[in-house]
>>> print(open('entry_36.pdb').read())   # PDB, C-alpha atoms
ATOM      1  CA  MET M   9     126.271 124.672  76.857
ATOM      2  CA  GLU M  10     124.378 124.097  80.084
ATOM      3  CA  LYS M  11     121.740 121.368  79.867
ATOM      4  CA  LEU M  12     118.615 120.585  81.827
ATOM      5  CA  ARG M  13     118.573 117.057  83.246
ATOM      6  CA  ILE M  14     115.251 115.241  83.516
ATOM      7  CA  ALA M  15     114.728 111.923  85.319
ATOM      8  CA  ILE M  16     112.116 109.537  83.952
ATOM      9  CA  GLN M  17     111.156 105.959  84.717
ATOM     10  CA  LYS M  18     113.570 103.468  83.169
ATOM     11  CA  SER M  19     110.854 101.156  81.804
ATOM     12  CA  GLY M  20     107.108 100.676  81.895
ATOM     13  CA  ARG M  21     104.033 102.615  80.802
ATOM     14  CA  LEU M  22     105.041 105.825  82.571
ATOM     15  CA  SER M  23     108.382 105.729  80.772
ATOM     16  CA  GLU M  24     106.718 105.248  77.388
ATOM     17  CA  LYS M  25     104.256 108.108  77.949
ATOM     18  CA  SER M  26     107.013 110.418  79.217
ATOM     19  CA  LEU M  27     109.216 109.769  76.189
ATOM     20  CA  GLN M  28     106.226 110.224  73.886
ATOM     21  CA  LEU M  29     105.487 113.628  75.426
ATOM     22  CA  ILE M  30     109.119 114.708  75.020
ATOM     23  CA  LYS M  31     109.179 113.578  71.384
ATOM     24  CA  GLU M  32     105.845 115.280  70.618
ATOM     25  CA  SER M  33     107.409 118.447  72.015
ATOM     26  CA  GLY M  34     109.839 118.361  69.101
ATOM     27  CA  ILE M  35     112.794 116.973  71.072
ATOM     28  CA  PHE M  36     114.764 114.147  69.474
ATOM     29  CA  ILE M  37     116.497 111.605  71.699
ATOM     30  CA  ASN M  38     118.443 108.430  71.051
ATOM     31  CA  ASN M  39     117.228 105.063  72.286
ATOM     32  CA  GLY M  40     118.230 104.957  75.963
ATOM     33  CA  ASN M  41     116.871 101.567  77.010
ATOM     34  CA  ARG M  42     120.325 100.318  77.952
ATOM     35  CA  LYS M  43     121.852 103.609  78.987
ATOM     36  CA  LEU M  44     121.621 105.534  82.236
ATOM     37  CA  ILE M  45     121.838 108.913  80.473
ATOM     38  CA  THR M  46     120.980 109.977  76.928
ATOM     39  CA  GLN M  47     121.199 113.345  75.203
ATOM     40  CA  ALA M  48     118.674 115.206  73.093
ATOM     41  CA  SER M  49     120.138 116.085  69.704
ATOM     42  CA  ASN M  50     118.223 119.347  69.142
ATOM     43  CA  PHE M  51     117.465 120.683  72.624
ATOM     44  CA  PRO M  52     119.644 121.244  75.740
ATOM     45  CA  LEU M  53     118.199 118.253  77.603
ATOM     46  CA  GLU M  54     119.683 115.147  79.226
ATOM     47  CA  ILE M  55     117.462 112.188  80.116
ATOM     48  CA  LEU M  56     118.324 110.187  83.206
ATOM     49  CA  TYR M  57     116.634 106.760  83.434
ATOM     50  CA  LEU M  58     115.812 105.621  86.978
ATOM     51  CA  ARG M  59     113.397 103.513  88.983
ATOM     52  CA  ASP M  60     110.272 105.585  89.569
ATOM     53  CA  ASP M  61     110.625 105.457  93.369
ATOM     54  CA  ASP M  62     114.172 106.877  93.073
ATOM     55  CA  ILE M  63     113.126 109.930  91.038
ATOM     56  CA  PRO M  64     111.906 112.187  93.913
ATOM     57  CA  GLN M  65     115.171 111.648  95.806
ATOM     58  CA  SER M  66     117.296 112.311  92.709
ATOM     59  CA  VAL M  67     115.483 115.615  92.130
ATOM     60  CA  GLU M  68     115.792 116.681  95.765
ATOM     61  CA  ASP M  69     119.531 115.913  95.695
ATOM     62  CA  GLY M  70     120.034 117.801  92.426
ATOM     63  CA  VAL M  71     121.192 114.703  90.549
ATOM     64  CA  ALA M  72     118.327 115.585  88.206
ATOM     65  CA  ASP M  73     116.913 119.083  87.814
ATOM     66  CA  ILE M  74     113.398 117.885  87.055
ATOM     67  CA  GLY M  75     111.563 114.583  86.823
ATOM     68  CA  ILE M  76     108.387 112.946  85.586
ATOM     69  CA  VAL M  77     106.845 110.585  88.115
ATOM     70  CA  GLY M  78     103.484 109.549  89.506
ATOM     71  CA  LEU M  79     101.971 111.829  92.152
ATOM     72  CA  ASN M  80     101.664 108.718  94.336
ATOM     73  CA  GLU M  81     105.468 108.434  94.472
ATOM     74  CA  VAL M  82     105.794 112.141  95.249
ATOM     75  CA  GLU M  83     103.366 111.809  98.172
ATOM     76  CA  GLU M  84     104.941 108.596  99.439
ATOM     77  CA  LYS M  85     108.553 109.804  99.395
ATOM     78  CA  ASP M  86     107.664 113.298 100.736
ATOM     79  CA  LYS M  87     110.892 114.924  99.528
ATOM     80  CA  ASN M  88     111.715 118.632  99.375
ATOM     81  CA  ILE M  89     110.676 119.104  95.744
ATOM     82  CA  ASN M  90     108.256 121.251  93.792
ATOM     83  CA  VAL M  91     105.368 119.842  91.729
ATOM     84  CA  ILE M  92     105.267 122.198  88.744
ATOM     85  CA  GLU M  93     102.983 120.499  86.194
ATOM     86  CA  GLU M  94     100.173 117.953  86.065
ATOM     87  CA  LEU M  95     100.709 116.012  82.843
ATOM     88  CA  GLY M  96      97.355 114.259  82.517
ATOM     89  CA  PHE M  97      98.497 110.695  81.770
ATOM     90  CA  SER M  98      99.041 107.528  83.833
ATOM     91  CA  LYS M  99      95.955 108.361  85.868
ATOM     92  CA  CYS M 100      94.955 106.050  88.696
ATOM     93  CA  ARG M 101      93.608 106.161  92.228
ATOM     94  CA  MET M 102      94.919 104.817  95.502
ATOM     95  CA  SER M 103      92.275 103.014  97.494
ATOM     96  CA  LEU M 104      91.546 100.811 100.457
ATOM     97  CA  ALA M 105      89.981  97.462  99.608
ATOM     98  CA  ILE M 106      88.532  94.637 101.691
ATOM     99  CA  PRO M 107      87.189  91.124 100.948
ATOM    100  CA  LYS M 108      83.996  91.447  98.896
ATOM    101  CA  ASN M 109      81.931  89.291 101.264
ATOM    102  CA  ILE M 110      82.454  91.692 104.193
ATOM    103  CA  GLN M 111      79.882  94.423 104.780
ATOM    104  CA  TYR M 112      81.613  97.804 104.944
ATOM    105  CA  SER M 113      80.271 100.134 107.612
ATOM    106  CA  GLY M 114      82.609 103.088 107.117
ATOM    107  CA  ILE M 115      86.172 104.153 107.860
ATOM    108  CA  GLU M 116      85.879 102.905 111.446
ATOM    109  CA  TYR M 117      86.018  99.388 110.011
ATOM    110  CA  PHE M 118      89.797  99.719 109.778
ATOM    111  CA  ASN M 119      90.307 100.256 113.504
ATOM    112  CA  ASN M 120      92.558  97.467 114.840
ATOM    113  CA  LYS M 121      92.824  95.873 111.384
ATOM    114  CA  VAL M 122      95.974  94.834 109.521
ATOM    115  CA  ILE M 123      96.398  96.624 106.180
ATOM    116  CA  ALA M 124      98.945  95.494 103.573
ATOM    117  CA  THR M 125     100.460  98.115 101.286
ATOM    118  CA  SER M 126     103.490  99.256  99.327
ATOM    119  CA  TYR M 127     102.700 102.858 100.267
ATOM    120  CA  PRO M 128     102.859 103.006 104.066
ATOM    121  CA  GLU M 129     103.483 106.765 104.393
ATOM    122  CA  ILE M 130     100.432 107.842 102.392
ATOM    123  CA  LEU M 131      98.299 105.347 104.289
ATOM    124  CA  LYS M 132      99.690 106.408 107.658
ATOM    125  CA  LYS M 133      98.885 110.078 107.013
ATOM    126  CA  PHE M 134      95.351 109.235 105.970
ATOM    127  CA  LEU M 135      94.655 106.993 108.944
ATOM    128  CA  ASN M 136      96.054 109.579 111.353
ATOM    129  CA  SER M 137      93.827 112.259 109.803
ATOM    130  CA  LYS M 138      90.809 110.044 110.508
ATOM    131  CA  SER M 139      92.001 108.993 114.005
ATOM    132  CA  ILE M 140      92.077 105.355 112.911
ATOM    133  CA  SER M 141      94.474 102.927 114.601
ATOM    134  CA  SER M 142      95.590 100.148 112.257
ATOM    135  CA  GLU M 143      98.620  97.921 111.829
ATOM    136  CA  ILE M 144     100.347  98.650 108.529
ATOM    137  CA  HIS M 145     102.084  95.679 106.940
ATOM    138  CA  GLU M 146     104.520  96.899 104.266
ATOM    139  CA  ILE M 147     105.103  94.522 101.356
ATOM    140  CA  SER M 148     106.485  94.921  97.835
ATOM    141  CA  GLY M 149     104.270  93.784  94.990
ATOM    142  CA  SER M 150     101.280  91.409  94.873
ATOM    143  CA  VAL M 151      99.562  93.374  97.635
ATOM    144  CA  GLU M 152      96.149  92.147  96.486
ATOM    145  CA  ILE M 153      96.802  88.557  97.571
ATOM    146  CA  ALA M 154      97.457  89.486 101.220
ATOM    147  CA  PRO M 155      93.876  89.065 102.537
ATOM    148  CA  GLY M 156      93.446  85.762 100.712
ATOM    149  CA  ILE M 157      96.471  84.184 102.379
ATOM    150  CA  GLY M 158      95.684  85.542 105.827
ATOM    151  CA  MET M 159      98.448  88.146 105.829
ATOM    152  CA  ALA M 160      96.107  91.153 106.214
ATOM    153  CA  ASP M 161      92.480  92.148 106.670
ATOM    154  CA  ALA M 162      92.619  94.765 103.904
ATOM    155  CA  ILE M 163      94.927  96.355 101.365
ATOM    156  CA  PHE M 164      95.843  99.861 100.233
ATOM    157  CA  ASP M 165      97.058  99.944  96.642
ATOM    158  CA  ILE M 166      96.902 101.547  93.196
ATOM    159  CA  VAL M 167      93.657 100.925  91.320
ATOM    160  CA  SER M 168      93.176 101.530  87.598
ATOM    161  CA  SER M 169      90.284  99.484  86.227
ATOM    162  CA  GLY M 170      89.579  97.514  89.416
ATOM    163  CA  SER M 171      89.786  94.170  87.622
ATOM    164  CA  THR M 172      92.736  92.984  89.751
ATOM    165  CA  LEU M 173      90.738  93.590  92.922
ATOM    166  CA  ILE M 174      87.758  91.680  91.571
ATOM    167  CA  SER M 175      89.880  88.725  90.465
ATOM    168  CA  ASN M 176      91.265  88.503  93.998
ATOM    169  CA  GLY M 177      87.884  88.660  95.716
ATOM    170  CA  LEU M 178      88.255  92.268  96.901
ATOM    171  CA  LYS M 179      86.161  95.420  96.673
ATOM    172  CA  GLU M 180      87.222  99.065  96.754
ATOM    173  CA  VAL M 181      85.736 100.962  99.718
ATOM    174  CA  GLU M 182      87.740 104.178 100.228
ATOM    175  CA  THR M 183      89.697 106.296  97.719
ATOM    176  CA  ILE M 184      92.523 108.195  99.401
ATOM    177  CA  LEU M 185      94.414 109.771  96.508
ATOM    178  CA  TYR M 186      93.888 110.443  92.803
ATOM    179  CA  SER M 187      97.221 110.202  91.034
ATOM    180  CA  GLN M 188      98.633 111.062  87.626
ATOM    181  CA  ALA M 189     102.013 111.795  86.087
ATOM    182  CA  VAL M 190     103.460 115.077  87.298
ATOM    183  CA  MET M 191     106.601 117.070  86.596
ATOM    184  CA  ILE M 192     108.679 117.854  89.663
ATOM    185  CA  SER M 193     111.670 120.147  90.065
ATOM    186  CA  ASN M 194     114.517 120.941  92.382
ATOM    187  CA  PHE M 195     114.161 124.258  94.219
ATOM    188  CA  SER M 196     117.709 125.365  93.302
ATOM    189  CA  ILE M 197     117.716 125.312  89.497
ATOM    190  CA  SER M 198     120.033 127.912  87.967
ATOM    191  CA  ASP M 199     118.616 130.807  85.963
ATOM    192  CA  LYS M 200     119.941 129.327  82.713
ATOM    193  CA  LYS M 201     118.251 126.004  83.426
ATOM    194  CA  LYS M 202     115.013 127.781  84.393
ATOM    195  CA  HIS M 203     115.034 129.374  80.950
ATOM    196  CA  ILE M 204     115.372 125.913  79.359
ATOM    197  CA  LEU M 205     112.654 124.549  81.654
ATOM    198  CA  ASN M 206     110.280 127.365  80.679
ATOM    199  CA  GLU M 207     110.818 126.546  77.008
ATOM    200  CA  LEU M 208     110.165 122.846  77.692
ATOM    201  CA  ILE M 209     106.945 123.635  79.573
ATOM    202  CA  PHE M 210     105.835 125.950  76.760
ATOM    203  CA  ARG M 211     106.240 123.091  74.282
ATOM    204  CA  ILE M 212     104.453 120.624  76.572
ATOM    205  CA  HIS M 213     101.520 123.019  76.961
ATOM    206  CA  SER M 214     101.178 123.274  73.177
ATOM    207  CA  VAL M 215     101.026 119.466  72.937
ATOM    208  CA  GLN M 216      98.513 119.179  75.786
ATOM    209  CA  LYS M 217      96.219 121.829  74.300
ATOM    210  CA  ALA M 218      96.352 120.112  70.920
ATOM    211  CA  ARG M 219      95.292 116.796  72.464
ATOM    212  CA  LYS M 220      92.245 118.424  74.048
ATOM    213  CA  ASN M 221      91.000 120.093  70.868
ATOM    214  CA  LYS M 222      90.040 119.312  67.262
ATOM    215  CA  TYR M 223      90.201 121.463  64.144
ATOM    216  CA  ILE M 224      86.855 121.545  62.356
ATOM    217  CA  LEU M 225      85.932 122.613  58.832
ATOM    218  CA  LEU M 226      82.374 122.781  57.519
ATOM    219  CA  ASN M 227      80.210 124.302  54.831
ATOM    220  CA  ALA M 228      77.197 126.374  55.846
ATOM    221  CA  PRO M 229      74.533 128.554  54.229
ATOM    222  CA  ASN M 230      75.212 132.225  54.881
ATOM    223  CA  ASP M 231      71.801 132.800  56.435
ATOM    224  CA  ARG M 232      72.663 130.277  59.194
ATOM    225  CA  LEU M 233      76.166 131.544  59.981
ATOM    226  CA  ASN M 234      75.278 133.504  63.112
ATOM    227  CA  GLU M 235      73.593 130.429  64.582
ATOM    228  CA  ILE M 236      76.654 128.318  63.775
ATOM    229  CA  PHE M 237      79.054 130.910  65.178
ATOM    230  CA  LYS M 238      77.373 130.599  68.559
ATOM    231  CA  LEU M 239      78.257 126.900  68.560
ATOM    232  CA  LEU M 240      81.883 127.484  67.534
ATOM    233  CA  PRO M 241      83.652 129.933  69.847
ATOM    234  CA  GLY M 242      87.023 128.655  68.672
ATOM    235  CA  MET M 243      90.191 130.322  69.913
ATOM    236  CA  LYS M 244      88.821 133.848  69.277
ATOM    237  CA  SER M 245      86.281 133.539  66.494
ATOM    238  CA  PRO M 246      85.727 131.181  63.548
ATOM    239  CA  THR M 247      87.404 131.791  60.191
ATOM    240  CA  VAL M 248      84.911 132.260  57.349
ATOM    241  CA  LEU M 249      85.775 131.895  53.650
ATOM    242  CA  PRO M 250      83.333 132.246  50.737
ATOM    243  CA  LEU M 251      82.618 129.162  48.646
ATOM    244  CA  ALA M 252      82.303 129.129  44.863
ATOM    245  CA  VAL M 253      78.628 128.314  45.353
ATOM    246  CA  LYS M 254      76.738 131.557  45.969
ATOM    247  CA  GLY M 255      75.199 131.916  49.419
ATOM    248  CA  TRP M 256      77.536 129.410  51.121
ATOM    249  CA  SER M 257      80.721 129.742  53.195
ATOM    250  CA  SER M 258      83.422 127.498  54.580
ATOM    251  CA  VAL M 259      83.812 127.832  58.359
ATOM    252  CA  HIS M 260      87.001 126.833  60.196
ATOM    253  CA  SER M 261      87.292 126.641  63.974
ATOM    254  CA  VAL M 262      88.507 124.661  66.997
ATOM    255  CA  ILE M 263      86.319 122.623  69.334
ATOM    256  CA  GLY M 264      87.125 120.870  72.589
ATOM    257  CA  GLU M 265      87.388 117.094  72.640
ATOM    258  CA  ASP M 266      84.932 116.860  75.547
ATOM    259  CA  ASP M 267      82.256 118.822  73.663
ATOM    260  CA  PHE M 268      82.876 117.238  70.276
ATOM    261  CA  TRP M 269      79.866 114.967  69.733
ATOM    262  CA  GLU M 270      77.343 117.316  71.302
ATOM    263  CA  ILE M 271      78.497 120.214  69.119
ATOM    264  CA  ILE M 272      78.609 118.116  65.932
ATOM    265  CA  GLY M 273      74.954 117.201  66.353
ATOM    266  CA  LYS M 274      73.952 120.820  66.913
ATOM    267  CA  LEU M 275      75.956 121.944  63.872
ATOM    268  CA  LYS M 276      74.112 119.488  61.640
ATOM    269  CA  ASP M 277      70.786 120.709  63.014
ATOM    270  CA  ALA M 278      71.875 124.279  62.216
ATOM    271  CA  GLY M 279      72.460 123.399  58.550
ATOM    272  CA  ALA M 280      76.180 122.579  58.485
ATOM    273  CA  GLU M 281      77.311 120.163  55.765
ATOM    274  CA  GLY M 282      80.571 118.506  54.724
ATOM    275  CA  ILE M 283      81.934 118.545  58.267
ATOM    276  CA  LEU M 284      85.613 117.564  58.542
ATOM    277  CA  VAL M 285      87.356 117.037  61.886
ATOM    278  CA  ILE M 286      91.162 117.012  61.969
ATOM    279  CA  PRO M 287      93.592 116.268  64.848
ATOM    280  CA  ILE M 288      95.788 119.164  65.940
ATOM    281  CA  GLU M 289      99.498 118.431  66.336
ATOM    282  CA  LYS M 290     100.424 121.580  68.266
ATOM    283  CA  MET M 291      98.319 124.422  69.600
ATOM    284  CA  ILE M 292      99.776 127.758  70.732
ATOM    285  CA  VAL M 293      97.495 130.449  72.106
TER     286      VAL M 293
END
>>> encode(input="entry_36.pdb", output="structure tokens")
Amino acid sequence: MEKLRIAIQKSGRLSEKSLQLIKESGIFINNGNRKLITQASNFPLEILYLRDDDIPQSVEDGVADIGIVGLNEVEEKDKNINVIEELGFSKCRMSLAIPKNIQYSGIEYFNNKVIATSYPEILKKFLNSKSISSEIHEISGSVEIAPGIGMADAIFDIVSSGSTLISNGLKEVETILYSQAVMISNFSISDKKKHILNELIFRIHSVQKARKNKYILLNAPNDRLNEIFKLLPGMKSPTVLPLAVKGWSSVHSVIGEDDFWEIIGKLKDAGAEGILVIPIEKMIV
């Protein structure tokens, strides 16, 4: 049976999140920490473990059909691949930073400056788009120490919390790219593998939708139901079941994670009682 091959990072946080997403999609895989390739036991999928910066090339070459990698690596490697899904985890930004004691006057500051980075191609494109002439010093790892040891005037690197910049006496002044984990694919996947890919994406979507929503159950007086319905659009409309107590009903619905606390407060004000909120494992609409 033909199998879809997916490349993921061999180790690290992106690897852990990728494997978690695959497992939450109902796909069982063996421990592949010491293997290059592992097989799913209940889905036509092979997992290829690679360095994250090798994944775009492997997908372009057809060694892997699809891959999960940071958008930053996709932009840096600039391979002939297709970004098919934003996965919503491993979010970060790529920014320019300078010593904190220097007053920043705008992008023109970087004219004739030396910038250290592990992502020269992304930086080069950005500087060219702004007509800025800088010297790019490519280094691997520990980019943030470059200004402190006199290697560069500034850095361009991945920023998550910003604590690493602060601890090295730097401040973030320009954000060039917002990155997250994405799924990429080869342009020449066979029809059979496209069918498998579509099924995989369908499962991933159900997991993603579940993460963004909560299942809510509450008790409400019947004379306040219309007011409560307006607060609970749900997937189509709330489910209403009569309680043993006359004049009361049990209302079941779905609410978005982002709106959760605001809606809960309004529900209480509208007379809702006994509110239960339950995580959703999968959500198919």
>>> axis_aligned_box(input="entry_36.pdb", around="stretch 280-291 of chain M", padding_each_side="8 Å", output="JSON")
{"center_x": 88.3, "center_y": 120.3, "center_z": 62.2, "size_x": 40.2, "size_y": 24.2, "size_z": 30.9}
>>> closest_residue(input="entry_36.pdb", among="M:Gln47, M:Leu56, M:Lys217, M:Lys108", to="M:Glu289", atoms="all atoms listed in the file")
M:Lys217
>>> residues_near_point(input="entry_36.pdb", point="(94.6, 95.0, 98.6)", cutoff="10 Å", atoms="only C-alpha atoms", output="PyMOL selection string")
chain M and resi 103-107+123-126+150-156+160-167+172-173+176-180
>>> atom_distance(input="entry_36.pdb", atom1="atom CA of M:Ser196", atom2="atom CA of M:Gln65")
14.2 Å
>>> closest_residue(input="entry_36.pdb", among="M:Ile16, M:Leu79, M:Ala48, M:Ile37", to="M:Asp62", atoms="all atoms listed in the file")
M:Ile16
>>> closest_residue(input="entry_36.pdb", among="M:Phe195, M:Trp256, M:Phe51, M:Trp269", to="M:Asp69", atoms="all atoms listed in the file")
M:Phe195
>>> closest_residue(input="entry_36.pdb", among="M:Leu240, M:Ile197, M:Ile204, M:Ala280", to="M:Gly70", atoms="only C-alpha atoms")
M:Ile197
>>> residues_around(input="entry_36.pdb", residues="M:Arg21", least_positions_apart="3", cutoff="8 Å", atoms="only C-alpha atoms", output="ChimeraX atom specification")
/M:24-25,98
>>> residues_around(input="entry_36.pdb", residues="M:Ile63", least_positions_apart="6", cutoff="10 Å", atoms="only C-alpha atoms", output="VMD selection string")
chain M and resid 14 to 17 56 to 57 69 71 to 72 74 to 78 81 to 82 85 192
>>> atom_distance(input="entry_36.pdb", atom1="atom CA of M:Ile130", atom2="atom CA of M:Glu116")
17.8 Å
>>> closest_residue(input="entry_36.pdb", among="M:Gly20, M:Ser257, M:Gly96, M:Ile30", to="M:Glu281", atoms="only C-alpha atoms")
M:Ser257
>>> atom_distance(input="entry_36.pdb", atom1="atom CA of M:Val190", atom2="atom CA of M:Lys202")
17.4 Å
>>> closest_residue(input="entry_36.pdb", among="M:Glu207, M:Asp266, M:Glu10, M:Glu182", to="M:Pro52", atoms="all atoms listed in the file")
M:Glu10
>>> residues_around(input="entry_36.pdb", residues="M:Ile236", least_positions_apart="5", cutoff="10 Å", atoms="all atoms listed in the file", output="PyMOL selection string")
chain M and resi 228-231+241+246+259+271+274-280
>>> residues_around(input="entry_36.pdb", residues="M:Lys138", least_positions_apart="3", cutoff="8 Å", atoms="all atoms listed in the file", output="JSON, numbers by chain")
{"M": [115, 134, 135]}
>>> resolve_selection(input="entry_36.pdb", expression="the PyMOL selection byres ((chain M and resi 224-226) around 9)", output="VMD selection string")
chain M and resid 222 to 223 227 to 228 257 to 263 280 to 287
>>> write_last_selection(input="entry_36.pdb", atoms="C-alpha atoms", output="compact mmCIF listing (two decimals), in the frame of the given file")
# COMPACT_ATOMS: atom_id res chain seq x y z
CA LYS M 222 90.04 119.31 67.26
CA TYR M 223 90.20 121.46 64.14
CA ASN M 227 80.21 124.30 54.83
CA ALA M 228 77.20 126.37 55.85
CA SER M 257 80.72 129.74 53.20
CA SER M 258 83.42 127.50 54.58
CA VAL M 259 83.81 127.83 58.36
CA HIS M 260 87.00 126.83 60.20
CA SER M 261 87.29 126.64 63.97
CA VAL M 262 88.51 124.66 67.00
CA ILE M 263 86.32 122.62 69.33
CA ALA M 280 76.18 122.58 58.48
CA GLU M 281 77.31 120.16 55.76
CA GLY M 282 80.57 118.51 54.72
CA ILE M 283 81.93 118.54 58.27
CA LEU M 284 85.61 117.56 58.54
CA VAL M 285 87.36 117.04 61.89
CA ILE M 286 91.16 117.01 61.97
CA PRO M 287 93.59 116.27 64.85
>>> resolve_selection(input="entry_36.pdb", expression="the PyMOL selection byres ((chain M and resi 36) around 7)", output="ChimeraX atom specification")
/M:31,34-35,37-38,48-50
>>> write_last_selection(input="entry_36.pdb", atoms="C-alpha atoms", output="PDB file, in the coordinates of the input")
ATOM      1  CA  LYS M  31     109.179 113.578  71.384  1.00  0.00           C
ATOM      2  CA  GLY M  34     109.839 118.361  69.101  1.00  0.00           C
ATOM      3  CA  ILE M  35     112.794 116.973  71.072  1.00  0.00           C
ATOM      4  CA  ILE M  37     116.497 111.605  71.699  1.00  0.00           C
ATOM      5  CA  ASN M  38     118.443 108.430  71.051  1.00  0.00           C
ATOM      6  CA  ALA M  48     118.674 115.206  73.093  1.00  0.00           C
ATOM      7  CA  SER M  49     120.138 116.085  69.704  1.00  0.00           C
ATOM      8  CA  ASN M  50     118.223 119.347  69.142  1.00  0.00           C
TER       9      ASN M  50
END
>>> resolve_selection(input="entry_36.pdb", expression="the PyMOL selection byres ((chain M and resi 91) around 6)", output="ChimeraX atom specification")
/M:90,92,191-192
